[in-house]
file model19.cif (mmCIF, C-alpha atoms and all ligand atoms)
data_query
#
loop_
_atom_site.label_atom_id
_atom_site.label_comp_id
_atom_site.auth_asym_id
_atom_site.auth_seq_id
_atom_site.Cartn_x
_atom_site.Cartn_y
_atom_site.Cartn_z
CA VAL K 14 22.18 -18.25 -11.91
CA GLY K 15 21.01 -15.01 -13.49
CA GLN K 16 17.65 -15.32 -11.72
CA LYS K 17 16.36 -12.00 -10.48
CA ASN K 18 15.43 -11.89 -6.83
CA THR K 19 11.88 -11.29 -5.68
CA PHE K 20 12.35 -7.55 -5.18
CA GLU K 21 13.88 -7.05 -8.65
CA ARG K 22 11.25 -9.16 -10.38
CA ASN K 23 8.53 -7.06 -8.81
CA GLN K 24 10.34 -3.77 -9.45
CA ILE K 25 10.48 -3.00 -5.72
CA PHE K 26 13.23 -0.68 -4.52
CA THR K 27 14.06 -0.43 -0.83
CA LYS K 28 17.76 0.36 -0.60
CA ASN K 29 18.48 3.93 -1.68
CA PHE K 30 15.27 5.87 -2.25
CA SER K 31 16.44 8.99 -4.04
CA GLY K 32 19.13 7.27 -6.11
CA GLU K 33 16.93 4.39 -7.20
CA LEU K 34 13.95 6.58 -8.07
CA SER K 35 16.09 9.16 -9.91
CA ARG K 36 17.76 6.44 -12.02
CA PHE K 37 14.42 4.80 -12.75
CA LEU K 38 12.82 8.05 -13.97
CA LYS K 39 15.84 8.88 -16.11
CA LYS K 40 15.65 5.49 -17.78
CA LYS K 41 11.90 5.61 -18.37
CA LYS K 42 11.88 9.09 -19.95
CA TYR K 43 8.22 9.75 -19.15
CA SER K 44 6.64 12.68 -21.00
CA ASN K 45 5.07 14.07 -17.79
CA HIS K 46 5.25 13.32 -14.08
CA PHE K 47 1.97 13.58 -12.16
CA ILE K 48 2.05 13.13 -8.37
CA LEU K 49 -1.12 12.10 -6.53
CA VAL K 50 -1.28 13.18 -2.88
CA ASP K 51 -3.95 13.47 -0.21
CA ASP K 52 -4.46 16.40 2.15
CA HIS K 53 -1.93 14.97 4.64
CA THR K 54 0.76 13.61 2.34
CA VAL K 55 0.82 16.92 0.46
CA ASN K 56 2.23 18.50 3.63
CA TYR K 57 4.16 15.65 5.25
CA CYS K 58 5.55 13.68 2.31
CA LEU K 59 5.59 15.80 -0.85
CA PRO K 60 8.28 18.22 0.43
CA VAL K 61 10.48 15.22 1.32
CA LEU K 62 10.00 13.67 -2.12
CA LEU K 63 10.69 16.89 -4.01
CA ARG K 64 13.79 17.51 -1.92
CA GLU K 65 15.13 14.00 -2.54
CA VAL K 66 14.40 13.68 -6.26
CA ALA K 67 15.33 16.69 -8.40
CA ALA K 68 13.75 15.18 -11.52
CA LEU K 69 10.32 15.64 -9.92
CA GLU K 70 10.72 19.35 -9.26
CA SER K 71 8.36 20.48 -12.02
CA SER K 72 5.81 17.67 -11.56
CA SER K 73 2.10 18.31 -11.78
CA ILE K 74 0.44 17.75 -8.38
CA ILE K 75 -3.06 16.31 -8.03
CA GLU K 76 -4.57 16.47 -4.55
CA ILE K 77 -7.49 14.47 -3.16
CA PHE K 78 -9.17 14.25 0.26
CA SER K 79 -7.72 11.67 2.66
CA GLY K 80 -9.66 8.79 4.16
CA GLU K 81 -11.48 5.64 3.09
CA ALA K 82 -14.72 7.60 2.56
CA PHE K 83 -13.08 9.25 -0.46
CA LYS K 84 -11.80 6.05 -2.08
CA ASN K 85 -14.74 6.24 -4.45
CA ILE K 86 -15.80 6.86 -8.03
CA GLU K 87 -16.23 10.64 -7.51
CA THR K 88 -12.59 10.99 -6.46
CA ALA K 89 -11.48 8.74 -9.34
CA GLU K 90 -13.46 10.92 -11.72
CA HIS K 91 -11.76 14.03 -10.34
CA VAL K 92 -8.32 12.52 -10.98
CA TRP K 93 -9.26 11.37 -14.53
CA GLU K 94 -10.53 14.90 -15.13
CA GLN K 95 -7.29 16.47 -13.89
CA LEU K 96 -5.19 14.14 -16.05
CA THR K 97 -7.31 14.99 -19.08
CA GLU K 98 -7.33 18.75 -18.52
CA ARG K 99 -3.58 18.76 -17.97
CA HIS K 100 -3.06 16.75 -21.17
CA ALA K 101 -1.59 13.59 -19.67
CA ASP K 102 -0.67 11.36 -22.61
CA ARG K 103 0.04 7.64 -22.82
CA ARG K 104 3.67 8.16 -21.85
CA SER K 105 2.86 10.07 -18.69
CA VAL K 106 3.27 8.49 -15.28
CA LEU K 107 1.13 8.85 -12.14
CA ILE K 108 3.15 8.69 -8.92
CA ASN K 109 0.98 7.69 -5.96
CA LEU K 110 2.41 9.27 -2.81
CA GLY K 111 0.39 8.13 0.17
CA GLY K 112 -1.04 5.26 2.12
CA GLY K 113 -3.08 2.35 0.84
CA MET K 114 -5.97 4.65 -0.05
CA VAL K 115 -3.92 6.83 -2.42
CA CYS K 116 -2.11 3.81 -3.90
CA ASP K 117 -5.35 1.86 -4.47
CA LEU K 118 -7.22 4.77 -6.03
CA GLY K 119 -4.24 6.07 -8.02
CA GLY K 120 -3.42 2.59 -9.33
CA PHE K 121 -7.01 2.11 -10.47
CA VAL K 122 -7.21 5.54 -12.12
CA ALA K 123 -3.87 5.20 -13.92
CA GLY K 124 -4.56 1.60 -14.90
CA THR K 125 -7.73 2.64 -16.70
CA TYR K 126 -6.86 6.14 -18.01
CA LYS K 127 -6.37 5.84 -21.79
CA ARG K 128 -6.53 2.04 -21.29
CA GLY K 129 -3.67 2.22 -18.83
CA ILE K 130 -0.68 4.48 -18.24
CA ASP K 131 2.28 3.67 -16.00
CA PHE K 132 2.00 4.32 -12.29
CA ILE K 133 4.47 4.22 -9.43
CA HIS K 134 3.66 3.59 -5.78
CA ILE K 135 5.50 5.46 -3.04
CA PRO K 136 3.78 4.08 0.07
CA THR K 137 3.93 6.37 3.10
CA THR K 138 2.13 4.44 5.87
CA LEU K 139 3.34 1.33 7.67
CA LEU K 140 0.32 -0.55 6.37
CA SER K 141 1.00 0.33 2.74
CA GLN K 142 4.78 -0.19 3.04
CA SER K 143 4.40 -3.61 4.59
CA ASP K 144 1.34 -4.81 2.69
CA ALA K 145 -1.06 -2.75 0.58
CA ALA K 146 1.35 -1.48 -2.11
CA TYR K 147 2.28 -4.96 -3.37
CA GLY K 148 0.40 -7.64 -5.22
CA GLY K 149 -1.15 -5.66 -8.07
CA LYS K 150 -4.65 -5.15 -6.65
CA GLN K 151 -5.92 -1.63 -7.39
CA ALA K 152 -9.49 -0.73 -6.47
CA ILE K 153 -12.05 1.75 -5.24
CA ASP K 154 -15.07 1.22 -3.00
CA PHE K 155 -18.52 1.27 -4.60
CA LEU K 156 -22.06 1.29 -3.14
CA ASN K 157 -20.71 0.66 0.37
CA TYR K 158 -18.75 -2.40 -0.77
CA LYS K 159 -15.02 -2.26 -0.14
CA ASN K 160 -12.79 -2.64 -3.21
CA GLN K 161 -15.83 -3.45 -5.35
CA VAL K 162 -14.49 -2.04 -8.64
CA GLY K 163 -10.86 -2.50 -9.61
CA ILE K 164 -8.14 -4.13 -11.65
CA PHE K 165 -5.13 -6.38 -11.26
CA LYS K 166 -2.20 -4.35 -12.56
CA ASP K 167 1.34 -4.02 -11.27
CA PRO K 168 2.93 -0.63 -10.78
CA ALA K 169 5.94 0.14 -13.00
CA GLY K 170 7.88 0.48 -9.75
CA ILE K 171 7.43 0.66 -5.98
CA PHE K 172 9.85 2.83 -4.04
CA VAL K 173 9.97 2.37 -0.28
CA SER K 174 11.52 4.72 2.25
CA THR K 175 10.78 4.41 5.95
CA VAL K 176 11.71 8.10 6.31
CA PHE K 177 8.07 8.82 5.50
CA LEU K 178 7.01 6.97 8.66
CA ASP K 179 8.56 9.72 10.81
CA SER K 180 5.44 11.87 10.46
CA LEU K 181 2.95 9.03 10.84
CA PRO K 182 0.67 9.32 13.92
CA ALA K 183 1.17 6.53 16.51
CA GLU K 184 -2.33 5.22 15.89
CA GLN K 185 -1.49 4.66 12.22
CA VAL K 186 1.72 2.86 13.21
CA ASN K 187 -0.31 0.50 15.41
CA ASN K 188 -2.74 0.05 12.55
CA GLY K 189 -0.03 -1.05 10.12
CA PHE K 190 1.67 -3.21 12.71
CA ALA K 191 -1.30 -5.60 12.63
CA GLU K 192 -0.41 -6.59 9.05
CA VAL K 193 3.26 -6.99 10.02
CA VAL K 194 2.17 -9.34 12.82
CA LYS K 195 -0.01 -11.21 10.34
CA HIS K 196 2.96 -11.77 8.03
CA GLY K 197 5.04 -12.84 11.03
CA LEU K 198 2.47 -15.41 12.06
CA LEU K 199 2.14 -16.72 8.50
CA ALA K 200 5.90 -17.02 8.04
CA GLY K 201 6.76 -18.22 11.54
CA GLY K 202 10.47 -18.84 12.19
CA GLU K 203 12.88 -15.94 12.58
CA LEU K 204 10.41 -13.23 11.60
CA TRP K 205 7.93 -14.27 14.24
CA LYS K 206 10.69 -14.45 16.83
CA LYS K 207 11.78 -10.91 15.91
CA ILE K 208 8.23 -9.55 16.19
CA HIS K 209 7.63 -11.42 19.40
CA THR K 210 10.47 -9.60 21.14
CA ILE K 211 9.12 -6.10 20.33
CA ARG K 212 8.01 -4.28 23.45
CA ASN K 213 7.69 -0.70 22.24
CA LEU K 214 6.81 0.30 18.68
CA GLU K 215 8.69 3.59 19.04
CA ASP K 216 11.99 1.71 19.26
CA VAL K 217 11.48 -0.46 16.19
CA LYS K 218 13.87 -0.10 13.23
CA TRP K 219 11.24 -0.39 10.53
CA LYS K 220 13.48 -0.77 7.50
CA GLU K 221 14.34 -4.40 8.17
CA LEU K 222 10.89 -5.40 9.38
CA VAL K 223 9.22 -3.80 6.36
CA ARG K 224 11.52 -5.71 4.00
CA ASP K 225 10.81 -8.99 5.83
CA SER K 226 7.11 -8.29 5.65
CA ILE K 227 7.19 -7.57 1.91
CA LYS K 228 9.02 -10.86 1.32
CA VAL K 229 6.26 -12.85 3.01
CA LYS K 230 3.55 -11.18 0.95
CA LEU K 231 5.45 -11.57 -2.35
CA ALA K 232 6.27 -15.22 -1.74
CA VAL K 233 2.54 -15.89 -1.59
CA VAL K 234 1.43 -13.52 -4.36
CA GLU K 235 4.02 -14.86 -6.81
CA LYS K 236 2.62 -18.37 -6.41
CA ASP K 237 -1.03 -17.31 -6.71
CA PRO K 238 -1.36 -13.82 -8.24
CA PHE K 239 -5.14 -13.98 -8.83
CA GLU K 240 -6.11 -15.50 -5.45
CA THR K 241 -7.37 -18.84 -6.67
CA GLY K 242 -5.98 -20.69 -3.66
CA LEU K 243 -2.88 -20.02 -1.59
CA ARG K 244 -3.21 -16.22 -1.63
CA LYS K 245 -6.27 -16.61 0.58
CA ILE K 246 -3.91 -17.13 3.53
CA LEU K 247 -3.20 -13.40 3.37
CA ASN K 248 -6.81 -12.94 4.47
CA PHE K 249 -5.92 -14.46 7.86
CA GLY K 250 -7.85 -12.52 10.51
CA HIS K 251 -10.01 -10.86 7.88
CA THR K 252 -13.17 -13.01 8.13
CA ILE K 253 -13.84 -12.05 11.73
CA GLY K 254 -11.97 -8.73 11.28
CA HIS K 255 -14.18 -7.55 8.41
CA ALA K 256 -17.29 -8.54 10.37
CA ILE K 257 -16.14 -6.37 13.28
CA GLU K 258 -15.15 -3.53 10.93
CA THR K 259 -18.47 -3.59 9.04
CA ASN K 260 -20.46 -3.79 12.27
CA LEU K 261 -18.66 -0.77 13.75
CA MET K 262 -18.96 1.18 10.51
CA ASN K 263 -22.69 0.44 10.27
CA LYS K 264 -23.06 1.82 13.77
CA GLY K 265 -21.22 4.96 12.69
CA GLU K 266 -18.27 4.24 14.98
CA GLU K 267 -14.79 5.10 13.81
CA THR K 268 -12.29 2.30 13.57
CA LEU K 269 -9.06 1.39 11.84
CA HIS K 270 -8.74 -1.66 9.62
CA GLY K 271 -5.62 -2.99 11.35
CA PHE K 272 -7.25 -2.95 14.80
CA CYS K 273 -10.14 -5.06 13.50
CA ILE K 274 -7.76 -7.49 11.79
CA ALA K 275 -5.77 -7.86 15.02
CA ALA K 276 -8.96 -8.77 16.88
CA GLY K 277 -9.90 -11.04 13.97
CA MET K 278 -6.60 -12.94 14.17
CA ILE K 279 -7.04 -13.52 17.90
CA GLY K 280 -10.58 -14.79 17.32
CA GLU K 281 -9.57 -17.07 14.46
CA LEU K 282 -6.59 -18.49 16.37
CA PHE K 283 -8.89 -19.16 19.31
CA LEU K 284 -11.26 -21.08 17.03
CA SER K 285 -8.35 -22.98 15.45
CA HIS K 286 -7.44 -24.22 18.89
CA THR K 287 -10.83 -24.83 20.45
CA VAL K 288 -12.80 -26.04 17.41
CA CYS K 289 -10.17 -27.47 15.05
CA GLY K 290 -7.89 -28.86 17.76
CA LEU K 291 -4.70 -27.16 16.57
CA SER K 292 -1.93 -26.87 19.14
CA ARG K 293 -2.00 -23.97 21.54
N1 LIG X 301 -4.36 -3.26 -2.66
C1 LIG X 301 -4.17 -4.06 -1.64
O1 LIG X 301 -3.69 -5.18 -1.80
C2 LIG X 301 -4.51 -3.59 -0.25
C3 LIG X 301 -4.15 -4.35 0.87
C4 LIG X 301 -4.45 -3.86 2.15
C5 LIG X 301 -5.13 -2.66 2.28
N2 LIG X 301 -5.48 -1.95 1.17
C6 LIG X 301 -6.19 -0.67 1.29
O2 LIG X 301 -5.35 0.27 1.96
C7 LIG X 301 -6.18 1.26 2.55
C8 LIG X 301 -5.67 1.55 3.94
O3 LIG X 301 -4.37 2.03 3.83
P1 LIG X 301 -3.68 2.92 4.97
O4 LIG X 301 -3.87 2.27 6.28
O5 LIG X 301 -2.32 3.24 4.50
O6 LIG X 301 -4.65 4.19 5.05
P2 LIG X 301 -4.66 5.62 4.35
O7 LIG X 301 -4.06 5.63 3.03
O8 LIG X 301 -6.08 6.08 4.46
O9 LIG X 301 -3.73 6.48 5.33
C9 LIG X 301 -4.08 6.66 6.67
C10 LIG X 301 -3.94 8.13 7.10
O10 LIG X 301 -2.56 8.46 7.21
C11 LIG X 301 -2.28 9.65 6.47
N3 LIG X 301 -0.89 9.56 6.05
C12 LIG X 301 -0.38 8.79 5.07
N4 LIG X 301 0.97 8.85 5.07
C13 LIG X 301 1.31 9.70 6.06
C14 LIG X 301 2.56 10.15 6.58
N5 LIG X 301 3.73 9.69 6.10
N6 LIG X 301 2.55 11.03 7.61
C15 LIG X 301 1.37 11.47 8.14
N7 LIG X 301 0.16 11.04 7.72
C16 LIG X 301 0.13 10.16 6.69
C17 LIG X 301 -3.31 9.66 5.38
O11 LIG X 301 -3.52 10.94 4.86
C18 LIG X 301 -4.53 9.12 6.13
O12 LIG X 301 -5.14 10.16 6.84
C19 LIG X 301 -7.59 0.73 2.53
O13 LIG X 301 -8.31 1.43 1.54
C20 LIG X 301 -7.44 -0.72 2.12
O14 LIG X 301 -8.53 -1.22 1.41
C21 LIG X 301 -5.18 -2.39 -0.08
#

call {"tool": "encode", "arguments": {"input": "model19.cif", "output": "structure tokens"}}
result
Amino acid sequence: VGQKNTFERNQIFTKNFSGELSRFLKKKKYSNHFILVDDHTVNYCLPVLLREVAALESSSIIEIFSGEAFKNIETAEHVWEQLTERHADRRSVLINLGGGMVCDLGGFVAGTYKRGIDFIHIPTTLLSQSDAAYGGKQAIDFLNYKNQVGIFKDPAGIFVSTVFLDSLPAEQVNNGFAEVVKHGLLAGGELWKKIHTIRNLEDVKWKELVRDSIKVKLAVVEKDPFETGLRKILNFGHTIGHAIETNLMNKGEETLHGFCIAAGMIGELFLSHTVCGLSR
């Protein structure tokens, strides 16, 4: 009795995007709103956000280049510089509007600027809505190592609207779907059954599946926030997947993380069966 549910405890809002975000901002009374976007979300997502939430009308916009190659210290420095030049104080908030790249980099920058200001994630890709935005890991890549420098810090709030997925290219939907499948396999039961019946990704009603996916991730993260044991199960598919991803990247071939993880899961399940003797 009186226990907050998982979504409330983690300050995750998925029901009524504009209403929930407007109420949240009103309550927090931040001195300034800064919105971090990349060169795609500035066109596809920012107009939607500004239309939905009047309180953000006069926000200060900081734009960065999109893509993993820019999730680095130079981009972080640019954002710190912009915050400084525009006089962001300790009661300012940085709103990260984008996929996992923008959320990771923005979370890291805000979490370290003036020893940490509040930040909000508004994930706009399927991968970030179903996985990357939750769990408090914020990082940038460094010296060719992925997520080499970062912090564990939770956003003040995470606001999810699948409306943003409308502009997402099909390839990026496929990419994010790999993590949804991963959560389905980890959870089993009803979620796996639901995923198993999907034939065409264009027909999927994402709202419900995204919520289910978040629940699986949070159930694990809440038990092991700093990945000392159980949280490692979220790396399912990633041992082989990262090997494939690194190999392709070293050869200069383009690839998407989710595709490599999907191949990784198949490989690891195959080994579970043939080497460890788990049931088919
Ligand atoms: N912190 C974590 O726990 C965690 C977990 C998993 C992955 N990640 C990180 O997430 C990143 C990958 O995230 P991602 O797959 O979201 O990639 P991303 O952020 O690079 O976005 C992919 C592409 O989609 C574009 N885009 C974003 N939203 C859009 C929209 N609504 N419409 C049109 N285009 C849009 C982006 O500009 C980009 O070009 C990686 O850096 C990875 O390390 C972090």

call {"tool": "closest_residue", "arguments": {"input": "model19.cif", "among": "K:Asp144, K:Asp154, K:Leu284, K:Ile246", "to": "K:Val223", "atoms": "only C-alpha atoms"}}
result
K:Asp144

call {"tool": "closest_residue", "arguments": {"input": "model19.cif", "among": "K:Lys28, K:Lys230, K:Lys159, K:His46", "to": "ligand LIG 301 (chain X)", "atoms": "all atoms listed in the file"}}
result
K:Lys159

call {"tool": "residues_near_ligand", "arguments": {"input": "model19.cif", "ligand": "ligand LIG 301 (chain X)", "cutoff": "7 Å", "atoms": "only C-alpha atoms and all ligand atoms", "output": "number ranges by chain"}}
result
K: 51-54, 57-58, 79-81, 84, 111-115, 117, 137-141, 144-152, 159-160, 177-182, 185, 188-189

call {"tool": "write_last_selection", "arguments": {"input": "model19.cif", "atoms": "C-alpha atoms", "output": "compact mmCIF listing (two decimals), in the coordinates of the input"}}
result
# COMPACT_ATOMS: atom_id res chain seq x y z
CA ASP K 51 -3.95 13.47 -0.21
CA ASP K 52 -4.46 16.40 2.15
CA HIS K 53 -1.93 14.97 4.64
CA THR K 54 0.76 13.61 2.34
CA TYR K 57 4.16 15.65 5.25
CA CYS K 58 5.55 13.68 2.31
CA SER K 79 -7.72 11.67 2.66
CA GLY K 80 -9.66 8.79 4.16
CA GLU K 81 -11.48 5.64 3.09
CA LYS K 84 -11.80 6.05 -2.08
CA GLY K 111 0.39 8.13 0.17
CA GLY K 112 -1.04 5.26 2.12
CA GLY K 113 -3.08 2.35 0.84
CA MET K 114 -5.97 4.65 -0.05
CA VAL K 115 -3.92 6.83 -2.42
CA ASP K 117 -5.35 1.86 -4.47
CA THR K 137 3.93 6.37 3.10
CA THR K 138 2.13 4.44 5.87
CA LEU K 139 3.34 1.33 7.67
CA LEU K 140 0.32 -0.55 6.37
CA SER K 141 1.00 0.33 2.74
CA ASP K 144 1.34 -4.81 2.69
CA ALA K 145 -1.06 -2.75 0.58
CA ALA K 146 1.35 -1.48 -2.11
CA TYR K 147 2.28 -4.96 -3.37
CA GLY K 148 0.40 -7.64 -5.22
CA GLY K 149 -1.15 -5.66 -8.07
CA LYS K 150 -4.65 -5.15 -6.65
CA GLN K 151 -5.92 -1.63 -7.39
CA ALA K 152 -9.49 -0.73 -6.47
CA LYS K 159 -15.02 -2.26 -0.14
CA ASN K 160 -12.79 -2.64 -3.21
CA PHE K 177 8.07 8.82 5.50
CA LEU K 178 7.01 6.97 8.66
CA ASP K 179 8.56 9.72 10.81
CA SER K 180 5.44 11.87 10.46
CA LEU K 181 2.95 9.03 10.84
CA PRO K 182 0.67 9.32 13.92
CA GLN K 185 -1.49 4.66 12.22
CA ASN K 188 -2.74 0.05 12.55
CA GLY K 189 -0.03 -1.05 10.12

call {"tool": "residues_around", "arguments": {"input": "model19.cif", "residues": "K:Lys207", "least_positions_apart": "3", "cutoff": "12 Å", "atoms": "all atoms listed in the file", "output": "PyMOL selection string"}}
result
chain K and resi 193-194+196-198+200-204+210-212+217-219+221-222+225-226

call {"tool": "atom_distance", "arguments": {"input": "model19.cif", "atom1": "atom CA of K:Asn29", "atom2": "atom CA of K:Asn187"}}
result
25.6 Å

call {"tool": "atom_distance", "arguments": {"input": "model19.cif", "atom1": "atom CA of K:Val66", "atom2": "atom CA of K:Val186"}}
result
25.6 Å

call {"tool": "atom_distance", "arguments": {"input": "model19.cif", "atom1": "atom CA of K:Ile135", "atom2": "atom CA of K:Pro60"}}
result
13.5 Å

call {"tool": "decode", "arguments": {"input": "model19.cif", "residues": "stretch 189-237 of chain K", "atoms": "C-alpha atoms", "output": "PDB file, in the first residue's frame"}}
result
ATOM      1  CA  GLY K 189      15.500  -0.760 -32.151  1.00  0.00           C
ATOM      2  CA  PHE K 190      13.358  -3.846 -32.555  1.00  0.00           C
ATOM      3  CA  ALA K 191      16.399  -6.017 -31.757  1.00  0.00           C
ATOM      4  CA  GLU K 192      16.420  -4.681 -28.180  1.00  0.00           C
ATOM      5  CA  VAL K 193      12.655  -5.225 -27.899  1.00  0.00           C
ATOM      6  CA  VAL K 194      13.185  -8.840 -28.971  1.00  0.00           C
ATOM      7  CA  LYS K 195      15.981  -9.138 -26.420  1.00  0.00           C
ATOM      8  CA  HIS K 196      13.668  -7.984 -23.631  1.00  0.00           C
ATOM      9  CA  GLY K 197      11.000 -10.392 -24.901  1.00  0.00           C
ATOM     10  CA  LEU K 198      13.402 -13.310 -24.784  1.00  0.00           C
ATOM     11  CA  LEU K 199      14.616 -12.357 -21.304  1.00  0.00           C
ATOM     12  CA  ALA K 200      11.091 -11.985 -19.948  1.00  0.00           C
ATOM     13  CA  GLY K 201       9.504 -14.892 -21.801  1.00  0.00           C
ATOM     14  CA  GLY K 202       5.788 -15.428 -21.141  1.00  0.00           C
ATOM     15  CA  GLU K 203       3.199 -13.076 -22.586  1.00  0.00           C
ATOM     16  CA  LEU K 204       5.675 -10.536 -23.937  1.00  0.00           C
ATOM     17  CA  TRP K 205       7.531 -13.134 -25.952  1.00  0.00           C
ATOM     18  CA  LYS K 206       4.251 -14.512 -27.276  1.00  0.00           C
ATOM     19  CA  LYS K 207       3.223 -11.006 -28.361  1.00  0.00           C
ATOM     20  CA  ILE K 208       6.523 -10.384 -30.154  1.00  0.00           C
ATOM     21  CA  HIS K 209       6.464 -13.811 -31.725  1.00  0.00           C
ATOM     22  CA  THR K 210       3.195 -13.066 -33.513  1.00  0.00           C
ATOM     23  CA  ILE K 211       4.507  -9.886 -35.202  1.00  0.00           C
ATOM     24  CA  ARG K 212       4.757 -10.304 -38.954  1.00  0.00           C
ATOM     25  CA  ASN K 213       5.158  -6.725 -40.153  1.00  0.00           C
ATOM     26  CA  LEU K 214       6.788  -3.952 -38.137  1.00  0.00           C
ATOM     27  CA  GLU K 215       4.708  -1.309 -39.909  1.00  0.00           C
ATOM     28  CA  ASP K 216       1.551  -2.659 -38.271  1.00  0.00           C
ATOM     29  CA  VAL K 217       2.877  -2.702 -34.710  1.00  0.00           C
ATOM     30  CA  LYS K 218       1.227  -0.488 -32.078  1.00  0.00           C
ATOM     31  CA  TRP K 219       4.429   0.584 -30.373  1.00  0.00           C
ATOM     32  CA  LYS K 220       2.974   2.234 -27.280  1.00  0.00           C
ATOM     33  CA  GLU K 221       2.186  -1.025 -25.503  1.00  0.00           C
ATOM     34  CA  LEU K 222       5.309  -2.850 -26.635  1.00  0.00           C
ATOM     35  CA  VAL K 223       7.547   0.031 -25.571  1.00  0.00           C
ATOM     36  CA  ARG K 224       5.959   0.048 -22.103  1.00  0.00           C
ATOM     37  CA  ASP K 225       6.409  -3.731 -21.790  1.00  0.00           C
ATOM     38  CA  SER K 226      10.005  -3.405 -22.869  1.00  0.00           C
ATOM     39  CA  ILE K 227      10.756  -0.658 -20.337  1.00  0.00           C
ATOM     40  CA  LYS K 228       9.291  -2.820 -17.563  1.00  0.00           C
ATOM     41  CA  VAL K 229      11.689  -5.668 -18.339  1.00  0.00           C
ATOM     42  CA  LYS K 230      14.709  -3.378 -18.289  1.00  0.00           C
ATOM     43  CA  LEU K 231      13.656  -1.620 -15.067  1.00  0.00           C
ATOM     44  CA  ALA K 232      12.910  -4.861 -13.247  1.00  0.00           C
ATOM     45  CA  VAL K 233      16.536  -5.840 -13.796  1.00  0.00           C
ATOM     46  CA  VAL K 234      18.134  -2.422 -13.243  1.00  0.00           C
ATOM     47  CA  GLU K 235      16.263  -1.856  -9.972  1.00  0.00           C
ATOM     48  CA  LYS K 236      17.719  -5.079  -8.558  1.00  0.00           C
ATOM     49  CA  ASP K 237      21.270  -4.377  -9.742  1.00  0.00           C
TER      50      ASP K 237
END
